[in-house]
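Inspection log for the structure reproduced underneath, given as structure tokens.
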Amino acid sequence: MKNQRIFLFAALVALIATLWGCKDIPQNTTQCNLVEIADGEGLDSAHIKFVLPWYGDKRVNEAIIEQLNESLGGIYEGSYSDVDSMGRCYLAHYMKDMKDMRGELENTLPYERSVSAILDCETDDYVTIDVQEYQYSGGAHGGTVSYGLTFRKSDGRQMGKNILNNLVGDEEWNDMVKQQLMEHFDVKTEEALHENLQLYPDYFPFIPMPQTEPYLTEKGLVFIYQQYEITSYAAGMPGFVIPYDKLKKYLNSTGKRLLEKYYSFNS
């Protein structure tokens, strides 16, 4: 098993590629930047995968890469036009971080770090990147962070909570959130839902918004709670989607301008 592991990482380290015209992306994306690299040393392993759109507008390209860099920790200081170098930077950082941690703790368990940032959804006006981060450094289980980043293609501005108005959190909104969370936990009543949540009683029956930014997909505006945010590790990362036909009440002018081409918000 150990020899297979070493061979696998040796093969992955050799796979450092930047390709144009990627497969499995939205059809109206003409170019895509793919970077996939990995490293392994002893019990430590790291993996980076970026599948990102690449446009003629430099502002949009750099806005996407800059926000992704900030989300990952902001340690990359090179050119935002060099996605491969950014991937290498984080790969080296993860390997060093695990090596330093192992030296302090003298842990003999396998450590692992990985991140993927992959084009998820795109229209003529916005694009969404799905980001998954994973870390295991001993203990009963690893930790995962999951979020999306949506950008306006006209200027690269990130779109999230800034497309919503102050009606978010009203009774209708909260009812939608509770209903979707009840479906996630497969329960029928609010009391049973509350038993699955780790919230102070004063919060209930209103559910706090997730800390991470929402993002746009084909189905609607997606919100994800991170591990331990409102429930136990075993319950995963519950989330909810506000479909576009129910979102119009909660959009501000920025959100309506972004989405009105695809959905009717006049009624």
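Residue numbering restarts at 1 for every chain of the structure tokens, chains are lettered A, B, ... in their displayed order, and ligands are numbered from 1 as they appear.
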
For Thr212 of chain A, find every residue with an atom within 8 Å (counting only C-alpha atoms), except residues of its own chain fewer than 4 positions away, and show them as a ChimeraX atom specification.
/A:147,223-226

Find the spatial neighbours of Met237 of chain A, counting only C-alpha atoms, within a cut-off of 12 Å - ignore same-chain residues fewer than 3 positions away - and output them as a compact mmCIF listing (two decimals) with N, CA and C atoms, in the first residue's frame.
# COMPACT_ATOMS: atom_id res chain seq x y z
N GLY A 143 -11.01 17.88 8.15
CA GLY A 143 -11.91 19.02 8.10
C GLY A 143 -12.08 19.51 6.67
N THR A 144 -13.31 19.86 6.31
CA THR A 144 -13.62 20.31 4.97
C THR A 144 -14.25 21.69 5.01
N VAL A 145 -13.89 22.52 4.07
CA VAL A 145 -14.54 23.82 3.87
C VAL A 145 -15.08 23.83 2.44
N SER A 146 -16.34 24.18 2.29
CA SER A 146 -16.99 24.18 0.98
C SER A 146 -17.68 25.52 0.76
N TYR A 147 -17.42 26.14 -0.40
CA TYR A 147 -18.07 27.41 -0.71
C TYR A 147 -18.00 27.68 -2.21
N LEU A 181 -33.89 22.74 5.56
CA LEU A 181 -33.09 22.07 6.58
C LEU A 181 -33.82 20.84 7.13
N HIS A 184 -33.09 18.20 4.74
CA HIS A 184 -31.71 17.72 4.90
C HIS A 184 -31.62 16.71 6.03
N PHE A 185 -32.26 17.00 7.15
CA PHE A 185 -32.19 16.12 8.31
C PHE A 185 -33.28 15.04 8.30
N LEU A 197 -30.00 20.70 15.49
CA LEU A 197 -29.17 21.89 15.39
C LEU A 197 -28.51 22.19 16.73
N PRO A 210 -25.67 31.60 7.01
CA PRO A 210 -24.30 31.06 6.98
C PRO A 210 -23.26 32.17 6.93
N THR A 212 -20.35 32.05 5.32
CA THR A 212 -19.76 32.18 3.99
C THR A 212 -20.74 32.84 3.03
N PHE A 223 -26.72 28.69 -0.22
CA PHE A 223 -26.11 29.00 1.08
C PHE A 223 -25.63 27.69 1.71
N ILE A 224 -24.41 27.68 2.24
CA ILE A 224 -23.87 26.48 2.87
C ILE A 224 -23.36 26.83 4.26
N TYR A 225 -23.75 26.03 5.25
CA TYR A 225 -23.17 26.12 6.60
C TYR A 225 -21.94 25.23 6.66
N GLN A 226 -20.87 25.76 7.21
CA GLN A 226 -19.65 24.97 7.33
C GLN A 226 -19.75 24.00 8.51
N GLN A 227 -18.81 23.09 8.58
CA GLN A 227 -18.80 22.11 9.66
C GLN A 227 -18.82 22.81 11.02
N TYR A 228 -19.66 22.33 11.89
CA TYR A 228 -19.81 22.82 13.26
C TYR A 228 -20.51 24.18 13.35
N GLU A 229 -20.89 24.77 12.23
CA GLU A 229 -21.47 26.12 12.29
C GLU A 229 -22.83 26.13 12.99
N ILE A 230 -23.69 25.18 12.63
CA ILE A 230 -24.99 25.11 13.29
C ILE A 230 -25.33 23.70 13.76
N THR A 231 -24.45 22.73 13.45
CA THR A 231 -24.76 21.35 13.81
C THR A 231 -23.46 20.58 14.03
N SER A 232 -23.57 19.30 14.33
CA SER A 232 -22.41 18.47 14.64
C SER A 232 -21.66 18.09 13.37
N TYR A 233 -20.44 17.59 13.56
CA TYR A 233 -19.64 17.14 12.41
C TYR A 233 -20.36 16.03 11.65
N ALA A 234 -20.96 15.10 12.39
CA ALA A 234 -21.62 13.95 11.77
C ALA A 234 -22.77 14.37 10.86
N PHE A 240 -28.97 25.40 1.95
CA PHE A 240 -30.28 25.60 1.35
C PHE A 240 -30.14 26.43 0.09

Just the strand (DSSP E) stuff from segment 60-235 of chain A, please, per backbone DSSP, written as an mmCIF file with C-alpha atoms, in the first residue's frame.
data_model
loop_
_atom_site.group_PDB
_atom_site.id
_atom_site.type_symbol
_atom_site.label_atom_id
_atom_site.label_comp_id
_atom_site.auth_asym_id
_atom_site.auth_seq_id
_atom_site.Cartn_x
_atom_site.Cartn_y
_atom_site.Cartn_z
ATOM 1 C CA TYR A 111 -1.356 14.129 6.870
ATOM 2 C CA GLU A 112 -3.237 15.451 3.862
ATOM 3 C CA ARG A 113 -4.085 18.860 2.387
ATOM 4 C CA SER A 114 -6.010 19.522 -0.791
ATOM 5 C CA VAL A 115 -7.913 22.246 -2.567
ATOM 6 C CA SER A 116 -9.983 22.281 -5.722
ATOM 7 C CA ALA A 117 -11.429 25.343 -7.442
ATOM 8 C CA ILE A 118 -13.554 24.317 -10.392
ATOM 9 C CA LEU A 119 -15.815 26.184 -12.789
ATOM 10 C CA ASP A 120 -19.356 25.282 -11.735
ATOM 11 C CA CYS A 121 -21.846 27.552 -13.479
ATOM 12 C CA GLU A 122 -21.713 30.244 -16.135
ATOM 13 C CA TYR A 126 -21.804 35.790 -14.302
ATOM 14 C CA VAL A 127 -19.594 32.837 -13.503
ATOM 15 C CA THR A 128 -19.404 30.678 -10.364
ATOM 16 C CA ILE A 129 -16.396 28.754 -9.046
ATOM 17 C CA ASP A 130 -16.908 25.819 -6.675
ATOM 18 C CA VAL A 131 -14.167 25.615 -4.005
ATOM 19 C CA GLN A 132 -13.443 22.627 -1.760
ATOM 20 C CA GLU A 133 -10.676 22.618 0.851
ATOM 21 C CA TYR A 134 -9.698 19.571 2.908
ATOM 22 C CA GLN A 135 -7.192 19.042 5.693
ATOM 23 C CA TYR A 136 -6.341 16.017 7.803
ATOM 24 C CA GLY A 143 -11.912 19.019 8.102
ATOM 25 C CA THR A 144 -13.618 20.309 4.965
ATOM 26 C CA VAL A 145 -14.535 23.818 3.868
ATOM 27 C CA SER A 146 -16.986 24.179 0.979
ATOM 28 C CA TYR A 147 -18.065 27.408 -0.705
ATOM 29 C CA GLY A 148 -18.698 29.067 -4.030
ATOM 30 C CA LEU A 149 -17.481 32.309 -5.579
ATOM 31 C CA THR A 150 -19.698 34.132 -8.083
ATOM 32 C CA PHE A 151 -18.319 36.954 -10.245
ATOM 33 C CA ARG A 152 -19.994 39.481 -12.536
ATOM 34 C CA GLN A 158 -17.899 39.290 -6.614
ATOM 35 C CA MET A 159 -21.635 38.707 -6.269
ATOM 36 C CA TYR A 215 -23.308 31.895 -4.677
ATOM 37 C CA LEU A 216 -25.339 31.513 -7.859
ATOM 38 C CA GLY A 220 -30.814 29.430 -7.488
ATOM 39 C CA LEU A 221 -28.852 31.187 -4.758
ATOM 40 C CA VAL A 222 -26.992 28.644 -2.610
ATOM 41 C CA PHE A 223 -26.108 28.996 1.080
ATOM 42 C CA ILE A 224 -23.871 26.484 2.875
#

Tell me, which residues of segment 7-229 of chain A carry DSSP alpha helix (DSSP H), written as a PyMOL selection string?
chain A and resi 7-14+58-72+83-105+171-185+190-196

Go ahead and save the residues from that selection, with C-alpha atoms, as an mmCIF file, in the first residue's frame.
data_model
loop_
_atom_site.group_PDB
_atom_site.id
_atom_site.type_symbol
_atom_site.label_atom_id
_atom_site.label_comp_id
_atom_site.auth_asym_id
_atom_site.auth_seq_id
_atom_site.Cartn_x
_atom_site.Cartn_y
_atom_site.Cartn_z
ATOM 1 C CA PHE A 7 4.002 5.712 -6.984
ATOM 2 C CA LEU A 8 0.693 7.543 -7.205
ATOM 3 C CA PHE A 9 2.128 10.790 -5.908
ATOM 4 C CA ALA A 10 5.201 10.489 -8.094
ATOM 5 C CA ALA A 11 2.922 10.207 -11.098
ATOM 6 C CA LEU A 12 0.798 13.116 -9.978
ATOM 7 C CA VAL A 13 3.818 15.331 -9.383
ATOM 8 C CA ALA A 14 4.750 14.755 -13.016
ATOM 9 C CA LYS A 58 -7.898 40.954 -17.897
ATOM 10 C CA ARG A 59 -9.873 42.662 -15.127
ATOM 11 C CA VAL A 60 -12.235 39.716 -14.809
ATOM 12 C CA ASN A 61 -9.448 37.129 -14.917
ATOM 13 C CA GLU A 62 -7.464 38.886 -12.218
ATOM 14 C CA ALA A 63 -10.525 39.503 -10.051
ATOM 15 C CA ILE A 64 -11.311 35.782 -10.023
ATOM 16 C CA ILE A 65 -7.753 34.746 -9.218
ATOM 17 C CA GLU A 66 -7.301 37.494 -6.624
ATOM 18 C CA GLN A 67 -10.457 36.510 -4.717
ATOM 19 C CA LEU A 68 -9.546 32.825 -4.889
ATOM 20 C CA ASN A 69 -6.081 33.652 -3.572
ATOM 21 C CA GLU A 70 -7.555 35.651 -0.688
ATOM 22 C CA SER A 71 -9.990 32.840 0.116
ATOM 23 C CA LEU A 72 -7.133 30.341 0.325
ATOM 24 C CA VAL A 83 -2.396 30.312 -12.282
ATOM 25 C CA ASP A 84 0.141 27.510 -12.426
ATOM 26 C CA SER A 85 2.547 29.435 -10.192
ATOM 27 C CA MET A 86 -0.217 30.105 -7.701
ATOM 28 C CA GLY A 87 -0.975 26.396 -7.560
ATOM 29 C CA ARG A 88 2.701 25.586 -6.993
ATOM 30 C CA CYS A 89 2.866 28.202 -4.241
ATOM 31 C CA TYR A 90 0.009 26.632 -2.288
ATOM 32 C CA LEU A 91 1.311 23.119 -2.882
ATOM 33 C CA ALA A 92 4.692 24.044 -1.383
ATOM 34 C CA HIS A 93 2.991 25.894 1.472
ATOM 35 C CA TYR A 94 0.835 22.895 2.358
ATOM 36 C CA MET A 95 3.791 20.507 2.285
ATOM 37 C CA LYS A 96 5.886 22.788 4.516
ATOM 38 C CA ASP A 97 3.000 23.345 6.891
ATOM 39 C CA MET A 98 2.477 19.601 7.334
ATOM 40 C CA LYS A 99 6.193 18.984 7.793
ATOM 41 C CA ASP A 100 6.429 21.691 10.458
ATOM 42 C CA MET A 101 3.351 20.385 12.219
ATOM 43 C CA ARG A 102 4.645 16.840 12.205
ATOM 44 C CA GLY A 103 7.929 18.011 13.709
ATOM 45 C CA GLU A 104 6.111 19.682 16.585
ATOM 46 C CA LEU A 105 3.676 16.861 17.330
ATOM 47 C CA GLU A 171 -40.807 35.108 8.177
ATOM 48 C CA GLU A 172 -41.209 33.837 4.620
ATOM 49 C CA TRP A 173 -37.449 33.544 4.188
ATOM 50 C CA ASN A 174 -37.047 31.753 7.494
ATOM 51 C CA ASP A 175 -39.825 29.317 6.596
ATOM 52 C CA MET A 176 -37.992 28.416 3.361
ATOM 53 C CA VAL A 177 -34.747 27.879 5.253
ATOM 54 C CA LYS A 178 -36.409 25.707 7.899
ATOM 55 C CA GLN A 179 -38.198 23.624 5.281
ATOM 56 C CA GLN A 180 -34.988 22.865 3.395
ATOM 57 C CA LEU A 181 -33.094 22.067 6.584
ATOM 58 C CA MET A 182 -35.887 19.711 7.653
ATOM 59 C CA GLU A 183 -35.471 17.933 4.321
ATOM 60 C CA HIS A 184 -31.714 17.722 4.896
ATOM 61 C CA PHE A 185 -32.187 16.115 8.309
ATOM 62 C CA GLU A 190 -39.577 22.223 13.747
ATOM 63 C CA GLU A 191 -39.023 20.586 17.139
ATOM 64 C CA ALA A 192 -37.222 17.673 15.481
ATOM 65 C CA LEU A 193 -35.183 20.126 13.413
ATOM 66 C CA HIS A 194 -34.133 22.003 16.536
ATOM 67 C CA GLU A 195 -32.919 18.735 18.047
ATOM 68 C CA ASN A 196 -30.524 18.355 15.105
#

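Near Gly169 of chain A, within a cut-off of 9 Å and counting only C-alpha atoms, sit the residues Asn174, Phe206, Ile207, Pro208 and Met209 of chain A, with same-chain residues fewer than 5 positions away left out.
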
Expressed in Å to a single decimal, how great is the separation between atom CA of Lys153 of chain A and atom CA of Lys261 of chain A?
14.1 Å

Kindly indicate which residue among A:Gln198, A:Thr217, A:Asn162, A:Ser154 lies nearest to Lys256 of chain A, using only C-alpha atoms for the distances.
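Counting only C-alpha atoms, the residue closest to Lys256 of chain A is A:Asn162.
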
Enter the distance from atom CA of Arg257 of chain A to atom CA of Glu213 of chain A, in Å, rounded to one decimal.
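Atom CA of Arg257 of chain A sits 19.2 Å away from atom CA of Glu213 of chain A.
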
One-decimal distance in Å that lies between atom CA of Gly160 of chain A and atom CA of Glu218 of chain A
14.9 Å
